[in-house]
Amino acid sequence: MQYNFSEIEAKWQKKWDETKTFKVEVDHTKPKYYCLEMFPYPSGKLHMGHVRNYSIGDVIARFKSMDGFNVLHPIGWDSFGLPAENAAIAHQVHPDPWTTENIAEMKRQLKRLGLSYDWDREVATCKEDYYKWTQWLFLQFFKEGLAYKKQSPVNWCPSCETVLANEQVVDGACERCDSKVTKKNLSQWYLKITDYADRLLADIEKLDGWPEKVKTMQKNWIGKSFGAKLYFDVEGSDEKIEIFTTRADTLFGATFMALSADHPQVEILTAGTEYEKAVADFKAEIESVSEIDRMSTDAEKKGLFIGKYAINPINEKKVPIYLANYVMMDYGTGAIMAVPAHDERDYAFAKKYDIDIIPVIYPKDFDKSKGELELPYVDGGIMSKSGKFNGMDNIKAQGEIIQWMEENKIGSKTVNFRLRDWLISRQRYWGTPIPIIHCEDCGAVAVSEDDLPVLLPTDVKFTGEGESPLTTSESFKMASCPKCGKMGMREVDTMDTFVDSSWYFLRYTDPKNAQSVFDLDKSKYWMAVDQYIGGVEHAILHLLYARFYTKFMYDKGISPVEEPFDNLLTQGMVLKDGAKMSKSKGNVVSPDDIIKKYGADTARLFILFAAPPERDLEWSDEGVEGSFRFINRVWRLVDELNRWLVSSPDVNEVIKINNDEDKHLYYMINKTLKKVHEDISTRFHFNTAIAAIMELVNDAYKYKENPNGMNRGLVTILNNVLLIMLAPFAPHMTEELWTKCGNHDSVHKQPYPEWDDAAVVLDELEIVIQINGKIRGKIKVPRGLSRDELSSLAMAEDSIQKYIEDKDIIKIIAVPDKLVNLVIK
Ligand SMILES: [Zn+2]
Ligand SMILES: [Zn+2]
């Protein structure tokens with residue numbers, strides 16, 4: 001019997017497709033399990049990272065199904081976005097057919113991998129039946145005042161002619177085209193995620209099934225800090241400048257005030273003065289540099305004195321007011337009290353502009369005779385040069401100074417977040433249109449829900465120029481105001497694609513619903529996602545936005561859960577020669593080539609065997625060969641066992657263990673069943689599970705040659721167990737063999753076999769128990785017990801009890817699989 005993988009794999013893929021083997025519906029008689037891999041952008045080419053992501057999810061889905069769960073395992077397409085639009089500009093093809101073709105091609109590749117998706121639940125975010133609901137959800141935010149428009153300076157790529165998010169700006173340049181990023185003021189749509197900052201932060205504590213590093217990244221991104229808001233008077237003016245500080249304890253060391261160049265009071269303070277022009281020039285210069293670059297501690301500090309002084313409220317000292325390139329308008333109040341002795345950036349700035357540096361906190365054990373304090377000193381310590389707070393611990397002083405501010409009505413305790421509102425406007429065509437009509441009289445008005453979806457027009461010119469391609473569509477632009485009927489203008493921005501992916505996991509629970517976003521009962525059954533799997537590059541934004549959306553929908557009674565993902569697995573990268581596979585490095589291995597040469601089962605097996613899922617995986621041609629050989633080895637084994645199989649279940653023959661060979665094989669079968677189950681169900685250690693199956697196959701080959709002959713019942717169990725355990729990893733080959741062994745159902749519909757716990761501990765050995773070096777007893781124990789387990793078994797033994805009951809045990813020496821020696825007195 002030849003192992004013709006290409007024929008076998010094609011045959012079963014067709015069969016699974018035709019019979020919808022992996023289709024699921026709500027079934028209240030079974031527990032559910034929702035396994036989800038982050039849906040792909042349809043670039044048209046599957047890469048090894050995808051193969052890894054989907055193979056991990058597929059094994060979990062298939063395994064949970066064998067374990068008795070009703071498993072939801074859907075897939076879809078995050079299909080709006082820039083590449084389609086760039087292709088449209090470059091080749092003058094419309095993004096729609098370009099995307100549709102790519103989806104078809106990737107779908108073919110996914111099916112070629114034999115993944116157990118319920119294809120009836122496929123969604124594509126660029127299709128009307130999906131983005132209608134993305135728009136509907138936007139309107140719910142808008143109704144609540146959580147979607148709003150504001151003028152703001154944004155990162156602007158003059159070459160791509162689009163707004164860039166901060167994370168798309170790398171070293172001040174556009175991540176796509178490397179052009180220098182500038183600033184531009186645009187009226188943009190925002191979602192008010194900051195209203196949810198506290199809950200998004202607090203609920204991280206509930207995410208027990210998430211990796212710690214991801215939780216930490218989310219916490220840092222939200223960046224909650226406690227501090228104080230307080231006012232500084234401006235000398236010779238009625239203006240007061242409000243500042244936010246997390247270090248009220250350093251107030252006596254504030255020697256200048258630093259404002260963002262965008263700060264609204266700057267103009268008031270400098271209008272008509274000799275500084276006015278310099279301020280305007282400085283502002284223009286600053287805006288050409290991205291925020292991230294400006295805020296980095298090693299960026300060059302740039303500043304400008306604006307000719308005014310503020311009064312430090314705690315000691316009435318005059319401090320100069322500067323503009324500083326590292327102060328951002330959208331963090332805190334856009335103004336800081338600068339304390340150069342205790343802050344790195346303030347220190348660098350003060351050095352450059354020759355401003356006073358006054359240390360007010362010293363380390364507890366500081367000894368002045370041994371030299372000056374090294375500045376900036378950012379740690380805690382004892383207060384100094386701080387009036388009545390001198391000698392106090394700085395943490396205590398912080399509370400007392402804030403209290404003093406509150407008593408004197410110059411400031412108060414406050415909380416600040418690093419998290420900013422979510423800018424969702426994109427000046428792009430290939431995205432969800434924002435369902436708003438701008439009316440001269442009524443302002444921004446929601447499109448009526450009955451008129452959704454607002455369709456993307458097709459009469460658009462893709463020139464790659466101008467602000468928003470939708471302005472080039474005559475049919476789109478004009479629309480009558482839903483409130484007053486007057487002719488207005490449609491919003492021409494589209495939504496950030498992160499909006500589309502913030503709720504797709506909910507749509508999968510009821511993907512065809514035309515009446516509502518999804519049915520609450522269905523989502524109640526399936527949500528939350530039990531296992532979410534994807535790359536760590538999405539650890540912050542996608543996951544945070546998805547959590548935000550889910551919380552908002554929960555509050556509105558739309559989502560049944562408050563947190564979308566119970567467990568998160570962030571898989572490692574696929575490397576070759578130590579580097580991430582990439583075209584530029586020339587180290588890409590194409591999934592298509594591997595599948596053509598070895599088949600999908602080999603590709604899947606290799607990728608799951610080569611490394612635990614959360615670690616990086618080094619590609620190895622020898623490893624692929626090894627997986628291929630193993631699959632062939634199983635193929636030949638089952639081929640040979642076939643003639644010994646009994647039509648199951650032949651109970652009498654099954655339970656008969658005739659000799660040591662039988663006993664060992666029976667032990668191995670049960671041990672492997674138990675280990676594979678443990679490795680997969682709790683830890684996703686696919687590599688050790690596969691290794692255990694390989695060991696069982698080795699023992700099966702040995703058993704075949706044993707002089708006592710074949711125990712047909714046992715061989716039948718071996719055969720079935722082997723195919724079922726391997727089925728999630730190598731679904732095609734096992735399905736073929738399962739059928740060849742005379743079964744009429746699918747191996748993928750078999751329950752995971754129960755193992756015989758008694759058989760697993762068959763592997764016992766005798767160990768010696770000594771007391772003060774003398775042998776006092778022997779006990780039978782399972783092989784491989786730990787020192788602690790051995791010791792407690794030994795001490796619990798009746799024959800030993802009498803020696804130790806009224807003695808002190810001074811020391812226990814345990815040697816696994818050998819002896820325990822109790823030293824007593
Ligand atoms: Zn660019
Ligand atoms: Zn109107």
# chains A, B, ... in the order shown; residues from 1 in each chain; ligands from 1

$ residues_around --residues "stretch 120-125 of chain A" --least-positions-apart "3" --cutoff "7 Å" --atoms "only C-alpha atoms" --output "PDB file with all heavy atoms, in the first residue's frame"
ATOM      1  N   PRO A  74     -14.005  29.115  13.461  1.00  0.00           N
ATOM      2  CA  PRO A  74     -14.300  29.855  12.228  1.00  0.00           C
ATOM      3  C   PRO A  74     -13.071  30.554  11.639  1.00  0.00           C
ATOM      4  O   PRO A  74     -12.026  30.658  12.282  1.00  0.00           O
ATOM      5  CB  PRO A  74     -15.303  30.899  12.714  1.00  0.00           C
ATOM      6  CG  PRO A  74     -14.881  31.182  14.127  1.00  0.00           C
ATOM      7  CD  PRO A  74     -14.154  29.976  14.648  1.00  0.00           C
ATOM      8  N   ILE A  75     -13.236  31.046  10.443  1.00  0.00           N
ATOM      9  CA  ILE A  75     -12.167  31.827   9.789  1.00  0.00           C
ATOM     10  C   ILE A  75     -12.824  32.886   8.907  1.00  0.00           C
ATOM     11  O   ILE A  75     -13.958  32.721   8.470  1.00  0.00           O
ATOM     12  CB  ILE A  75     -11.224  30.921   8.959  1.00  0.00           C
ATOM     13  CG1 ILE A  75     -10.007  31.684   8.408  1.00  0.00           C
ATOM     14  CG2 ILE A  75     -11.975  30.283   7.795  1.00  0.00           C
ATOM     15  CD1 ILE A  75      -8.873  31.859   9.360  1.00  0.00           C
ATOM     16  N   GLY A  76     -12.104  33.953   8.686  1.00  0.00           N
ATOM     17  CA  GLY A  76     -12.606  35.021   7.827  1.00  0.00           C
ATOM     18  C   GLY A  76     -11.464  35.924   7.396  1.00  0.00           C
ATOM     19  O   GLY A  76     -10.302  35.531   7.502  1.00  0.00           O
ATOM     20  N   TRP A  77     -11.807  37.095   6.957  1.00  0.00           N
ATOM     21  CA  TRP A  77     -10.812  37.956   6.305  1.00  0.00           C
ATOM     22  C   TRP A  77     -10.893  39.380   6.820  1.00  0.00           C
ATOM     23  O   TRP A  77     -11.951  40.000   6.776  1.00  0.00           O
ATOM     24  CB  TRP A  77     -11.024  37.923   4.791  1.00  0.00           C
ATOM     25  CG  TRP A  77     -11.165  36.522   4.313  1.00  0.00           C
ATOM     26  CD1 TRP A  77     -12.323  35.848   4.065  1.00  0.00           C
ATOM     27  CD2 TRP A  77     -10.099  35.584   4.107  1.00  0.00           C
ATOM     28  NE1 TRP A  77     -12.054  34.556   3.704  1.00  0.00           N
ATOM     29  CE2 TRP A  77     -10.691  34.365   3.709  1.00  0.00           C
ATOM     30  CE3 TRP A  77      -8.710  35.659   4.209  1.00  0.00           C
ATOM     31  CZ2 TRP A  77      -9.934  33.233   3.426  1.00  0.00           C
ATOM     32  CZ3 TRP A  77      -7.965  34.534   3.920  1.00  0.00           C
ATOM     33  CH2 TRP A  77      -8.579  33.338   3.527  1.00  0.00           C
ATOM     34  N   ASP A  78      -9.752  39.873   7.240  1.00  0.00           N
ATOM     35  CA  ASP A  78      -9.616  41.264   7.668  1.00  0.00           C
ATOM     36  C   ASP A  78      -9.275  42.040   6.400  1.00  0.00           C
ATOM     37  O   ASP A  78      -8.139  42.405   6.164  1.00  0.00           O
ATOM     38  CB  ASP A  78      -8.469  41.323   8.693  1.00  0.00           C
ATOM     39  CG  ASP A  78      -8.406  42.649   9.407  1.00  0.00           C
ATOM     40  OD1 ASP A  78      -9.344  43.461   9.253  1.00  0.00           O
ATOM     41  OD2 ASP A  78      -7.412  42.875  10.117  1.00  0.00           O
ATOM     42  N   SER A  79     -10.297  42.277   5.561  1.00  0.00           N
ATOM     43  CA  SER A  79      -9.995  42.502   4.144  1.00  0.00           C
ATOM     44  C   SER A  79     -10.037  43.947   3.674  1.00  0.00           C
ATOM     45  O   SER A  79      -9.855  44.203   2.484  1.00  0.00           O
ATOM     46  CB  SER A  79     -10.949  41.651   3.302  1.00  0.00           C
ATOM     47  OG  SER A  79     -12.278  41.836   3.727  1.00  0.00           O
ATOM     48  N   PHE A  80     -10.275  44.895   4.585  1.00  0.00           N
ATOM     49  CA  PHE A  80     -10.054  46.288   4.205  1.00  0.00           C
ATOM     50  C   PHE A  80      -8.603  46.624   4.501  1.00  0.00           C
ATOM     51  O   PHE A  80      -7.955  45.936   5.294  1.00  0.00           O
ATOM     52  CB  PHE A  80     -10.955  47.218   5.026  1.00  0.00           C
ATOM     53  CG  PHE A  80     -12.323  47.463   4.421  1.00  0.00           C
ATOM     54  CD1 PHE A  80     -13.451  47.464   5.228  1.00  0.00           C
ATOM     55  CD2 PHE A  80     -12.468  47.727   3.063  1.00  0.00           C
ATOM     56  CE1 PHE A  80     -14.714  47.716   4.695  1.00  0.00           C
ATOM     57  CE2 PHE A  80     -13.725  47.977   2.530  1.00  0.00           C
ATOM     58  CZ  PHE A  80     -14.853  47.970   3.336  1.00  0.00           C
ATOM     59  N   TYR A 130     -21.090  42.635   6.208  1.00  0.00           N
ATOM     60  CA  TYR A 130     -20.311  42.815   7.432  1.00  0.00           C
ATOM     61  C   TYR A 130     -20.210  44.303   7.791  1.00  0.00           C
ATOM     62  O   TYR A 130     -20.516  44.698   8.916  1.00  0.00           O
ATOM     63  CB  TYR A 130     -18.908  42.208   7.288  1.00  0.00           C
ATOM     64  CG  TYR A 130     -18.101  42.262   8.574  1.00  0.00           C
ATOM     65  CD1 TYR A 130     -18.180  41.229   9.503  1.00  0.00           C
ATOM     66  CD2 TYR A 130     -17.290  43.357   8.873  1.00  0.00           C
ATOM     67  CE1 TYR A 130     -17.466  41.277  10.699  1.00  0.00           C
ATOM     68  CE2 TYR A 130     -16.576  43.420  10.065  1.00  0.00           C
ATOM     69  CZ  TYR A 130     -16.667  42.381  10.969  1.00  0.00           C
ATOM     70  OH  TYR A 130     -15.967  42.439  12.156  1.00  0.00           O
ATOM     71  N   TYR A 131     -19.785  45.131   6.830  1.00  0.00           N
ATOM     72  CA  TYR A 131     -19.504  46.514   7.233  1.00  0.00           C
ATOM     73  C   TYR A 131     -20.767  47.299   7.543  1.00  0.00           C
ATOM     74  O   TYR A 131     -20.713  48.331   8.195  1.00  0.00           O
ATOM     75  CB  TYR A 131     -18.533  47.220   6.288  1.00  0.00           C
ATOM     76  CG  TYR A 131     -18.963  47.655   4.914  1.00  0.00           C
ATOM     77  CD1 TYR A 131     -19.906  48.675   4.736  1.00  0.00           C
ATOM     78  CD2 TYR A 131     -18.352  47.131   3.773  1.00  0.00           C
ATOM     79  CE1 TYR A 131     -20.247  49.122   3.472  1.00  0.00           C
ATOM     80  CE2 TYR A 131     -18.684  47.572   2.508  1.00  0.00           C
ATOM     81  CZ  TYR A 131     -19.633  48.568   2.351  1.00  0.00           C
ATOM     82  OH  TYR A 131     -19.954  49.021   1.098  1.00  0.00           O
ATOM     83  N   ASP A 500     -12.766  47.265  12.277  1.00  0.00           N
ATOM     84  CA  ASP A 500     -13.379  46.049  11.714  1.00  0.00           C
ATOM     85  C   ASP A 500     -13.045  44.820  12.550  1.00  0.00           C
ATOM     86  O   ASP A 500     -13.874  43.935  12.736  1.00  0.00           O
ATOM     87  CB  ASP A 500     -12.858  45.791  10.287  1.00  0.00           C
ATOM     88  CG  ASP A 500     -12.991  47.005   9.388  1.00  0.00           C
ATOM     89  OD1 ASP A 500     -13.965  47.760   9.556  1.00  0.00           O
ATOM     90  OD2 ASP A 500     -12.121  47.202   8.511  1.00  0.00           O
ATOM     91  N   TYR A 508     -18.964  35.995  14.174  1.00  0.00           N
ATOM     92  CA  TYR A 508     -18.846  34.566  13.847  1.00  0.00           C
ATOM     93  C   TYR A 508     -19.930  33.731  14.531  1.00  0.00           C
ATOM     94  O   TYR A 508     -20.264  32.647  14.087  1.00  0.00           O
ATOM     95  CB  TYR A 508     -17.501  34.018  14.324  1.00  0.00           C
ATOM     96  CG  TYR A 508     -16.318  34.274  13.426  1.00  0.00           C
ATOM     97  CD1 TYR A 508     -15.068  34.565  13.982  1.00  0.00           C
ATOM     98  CD2 TYR A 508     -16.410  34.175  12.028  1.00  0.00           C
ATOM     99  CE1 TYR A 508     -13.946  34.766  13.187  1.00  0.00           C
ATOM    100  CE2 TYR A 508     -15.292  34.382  11.235  1.00  0.00           C
ATOM    101  CZ  TYR A 508     -14.066  34.679  11.820  1.00  0.00           C
ATOM    102  OH  TYR A 508     -12.968  34.860  11.045  1.00  0.00           O
ATOM    103  N   PRO A 511     -23.091  34.659  11.786  1.00  0.00           N
ATOM    104  CA  PRO A 511     -22.506  35.464  10.696  1.00  0.00           C
ATOM    105  C   PRO A 511     -23.472  35.857   9.583  1.00  0.00           C
ATOM    106  O   PRO A 511     -23.182  36.762   8.825  1.00  0.00           O
ATOM    107  CB  PRO A 511     -21.402  34.560  10.151  1.00  0.00           C
ATOM    108  CG  PRO A 511     -21.830  33.182  10.504  1.00  0.00           C
ATOM    109  CD  PRO A 511     -22.584  33.286  11.787  1.00  0.00           C
TER     110      PRO A 511
END

$ residues_around --residues "stretch 596-599 of chain A" --least-positions-apart "5" --cutoff "7 Å" --atoms "only C-alpha atoms" --output "MDAnalysis selection string"
chainID A and resid 5:6 628

$ write_last_selection --atoms "all heavy atoms" --output "PDB file, in the first residue's frame"
ATOM      1  N   PHE A   5       0.427  10.817  -0.680  1.00  0.00           N
ATOM      2  CA  PHE A   5      -0.197  11.879   0.108  1.00  0.00           C
ATOM      3  C   PHE A   5      -1.003  12.865  -0.727  1.00  0.00           C
ATOM      4  O   PHE A   5      -2.038  13.335  -0.287  1.00  0.00           O
ATOM      5  CB  PHE A   5       0.840  12.611   0.966  1.00  0.00           C
ATOM      6  CG  PHE A   5       1.954  13.236   0.172  1.00  0.00           C
ATOM      7  CD1 PHE A   5       1.774  14.462  -0.439  1.00  0.00           C
ATOM      8  CD2 PHE A   5       3.176  12.591   0.049  1.00  0.00           C
ATOM      9  CE1 PHE A   5       2.799  15.040  -1.157  1.00  0.00           C
ATOM     10  CE2 PHE A   5       4.200  13.159  -0.683  1.00  0.00           C
ATOM     11  CZ  PHE A   5       4.006  14.379  -1.298  1.00  0.00           C
ATOM     12  N   SER A   6      -0.536  13.161  -1.949  1.00  0.00           N
ATOM     13  CA  SER A   6      -1.267  14.212  -2.665  1.00  0.00           C
ATOM     14  C   SER A   6      -2.673  13.741  -3.047  1.00  0.00           C
ATOM     15  O   SER A   6      -3.634  14.499  -2.961  1.00  0.00           O
ATOM     16  CB  SER A   6      -0.480  14.726  -3.878  1.00  0.00           C
ATOM     17  OG  SER A   6      -0.109  13.665  -4.696  1.00  0.00           O
ATOM     18  N   PHE A 628       8.258  13.597   7.804  1.00  0.00           N
ATOM     19  CA  PHE A 628       7.776  12.818   6.653  1.00  0.00           C
ATOM     20  C   PHE A 628       8.062  11.325   6.861  1.00  0.00           C
ATOM     21  O   PHE A 628       7.205  10.470   6.619  1.00  0.00           O
ATOM     22  CB  PHE A 628       8.460  13.329   5.376  1.00  0.00           C
ATOM     23  CG  PHE A 628       7.941  12.689   4.123  1.00  0.00           C
ATOM     24  CD1 PHE A 628       6.616  12.860   3.727  1.00  0.00           C
ATOM     25  CD2 PHE A 628       8.769  11.915   3.314  1.00  0.00           C
ATOM     26  CE1 PHE A 628       6.123  12.271   2.563  1.00  0.00           C
ATOM     27  CE2 PHE A 628       8.288  11.317   2.152  1.00  0.00           C
ATOM     28  CZ  PHE A 628       6.959  11.502   1.780  1.00  0.00           C
TER      29      PHE A 628
END

$ closest_residue --among "A:Cys481, A:Leu785, A:Ala546, A:Cys174" --to "ligand 1" --atoms "only C-alpha atoms and all ligand atoms"
A:Cys174

$ select_by_dssp --residues "stretch 438-492 of chain A" --states "strand (DSSP E or B)" --output "VMD selection string"
chain A and resid 438 to 439 443 to 446 478 to 480 487 to 490

$ write_last_selection --atoms "all heavy atoms" --output "short mmCIF file (atom, residue, chain, number, x, y, z; two decimals), in the first residue's frame"
data_model
loop_
_atom_site.label_atom_id
_atom_site.label_comp_id
_atom_site.auth_asym_id
_atom_site.auth_seq_id
_atom_site.Cartn_x
_atom_site.Cartn_y
_atom_site.Cartn_z
N HIS A 438 -22.75 65.57 7.05
CA HIS A 438 -22.50 66.89 7.64
C HIS A 438 -23.49 67.88 7.07
O HIS A 438 -23.56 68.07 5.85
CB HIS A 438 -21.07 67.34 7.35
CG HIS A 438 -20.05 66.46 7.99
ND1 HIS A 438 -19.73 66.52 9.32
CD2 HIS A 438 -19.30 65.44 7.47
CE1 HIS A 438 -18.82 65.61 9.61
NE2 HIS A 438 -18.54 64.92 8.51
N CYS A 439 -24.26 68.50 7.94
CA CYS A 439 -25.28 69.46 7.51
C CYS A 439 -24.87 70.84 8.02
O CYS A 439 -24.42 70.96 9.16
CB CYS A 439 -26.63 69.04 8.09
SG CYS A 439 -27.91 70.29 7.92
N GLY A 443 -25.06 70.15 11.82
CA GLY A 443 -23.76 69.59 12.17
C GLY A 443 -23.62 68.16 11.69
O GLY A 443 -24.19 67.78 10.67
N ALA A 444 -22.88 67.34 12.47
CA ALA A 444 -22.67 65.94 12.10
C ALA A 444 -23.91 65.14 12.50
O ALA A 444 -24.25 65.07 13.68
CB ALA A 444 -21.44 65.39 12.78
N VAL A 445 -24.58 64.55 11.53
CA VAL A 445 -25.83 63.83 11.79
C VAL A 445 -25.66 62.36 11.40
O VAL A 445 -25.11 62.06 10.33
CB VAL A 445 -27.01 64.45 11.00
CG1 VAL A 445 -28.31 63.72 11.32
CG2 VAL A 445 -27.13 65.93 11.31
N ALA A 446 -26.14 61.47 12.26
CA ALA A 446 -26.05 60.04 11.97
C ALA A 446 -26.94 59.66 10.79
O ALA A 446 -28.08 60.13 10.71
CB ALA A 446 -26.46 59.23 13.20
N MET A 478 -22.68 64.04 -2.03
CA MET A 478 -23.84 64.81 -1.60
C MET A 478 -24.92 63.88 -1.05
O MET A 478 -25.18 62.82 -1.63
CB MET A 478 -24.42 65.60 -2.78
CG MET A 478 -23.38 66.43 -3.52
SD MET A 478 -22.59 67.64 -2.48
CE MET A 478 -23.86 68.91 -2.55
N ALA A 479 -25.53 64.31 0.05
CA ALA A 479 -26.64 63.53 0.62
C ALA A 479 -27.49 64.47 1.46
O ALA A 479 -26.96 65.43 2.04
CB ALA A 479 -26.10 62.39 1.48
N SER A 480 -28.77 64.19 1.53
CA SER A 480 -29.61 65.12 2.29
C SER A 480 -29.53 64.79 3.78
O SER A 480 -29.41 63.63 4.17
CB SER A 480 -31.05 65.09 1.79
OG SER A 480 -31.53 63.77 1.85
N MET A 487 -29.55 69.70 1.76
CA MET A 487 -28.44 68.98 1.15
C MET A 487 -27.18 69.15 1.98
O MET A 487 -26.81 70.26 2.36
CB MET A 487 -28.23 69.48 -0.29
CG MET A 487 -27.38 68.55 -1.16
SD MET A 487 -27.81 66.79 -1.08
CE MET A 487 -29.20 66.70 -2.19
N GLY A 488 -26.55 68.04 2.31
CA GLY A 488 -25.31 68.10 3.09
C GLY A 488 -24.22 67.29 2.42
O GLY A 488 -24.37 66.83 1.28
N MET A 489 -23.13 67.11 3.13
CA MET A 489 -21.97 66.38 2.60
C MET A 489 -21.76 65.12 3.43
O MET A 489 -21.75 65.17 4.65
CB MET A 489 -20.72 67.25 2.77
CG MET A 489 -20.58 68.35 1.77
SD MET A 489 -19.84 67.71 0.27
CE MET A 489 -18.14 67.51 0.78
N ARG A 490 -21.54 64.04 2.71
CA ARG A 490 -21.20 62.82 3.45
C ARG A 490 -19.79 62.91 4.01
O ARG A 490 -18.91 63.51 3.40
CB ARG A 490 -21.24 61.61 2.51
CG ARG A 490 -22.59 61.01 2.40
CD ARG A 490 -22.50 59.64 1.75
NE ARG A 490 -23.82 59.28 1.23
CZ ARG A 490 -24.80 58.81 1.99
NH1 ARG A 490 -24.61 58.63 3.29
NH2 ARG A 490 -25.96 58.52 1.47
#

$ residues_around --residues "A:Leu373" --least-positions-apart "5" --cutoff "12 Å" --atoms "only C-alpha atoms" --output "VMD selection string"
chain A and resid 341 to 342 357 to 368 378 to 379
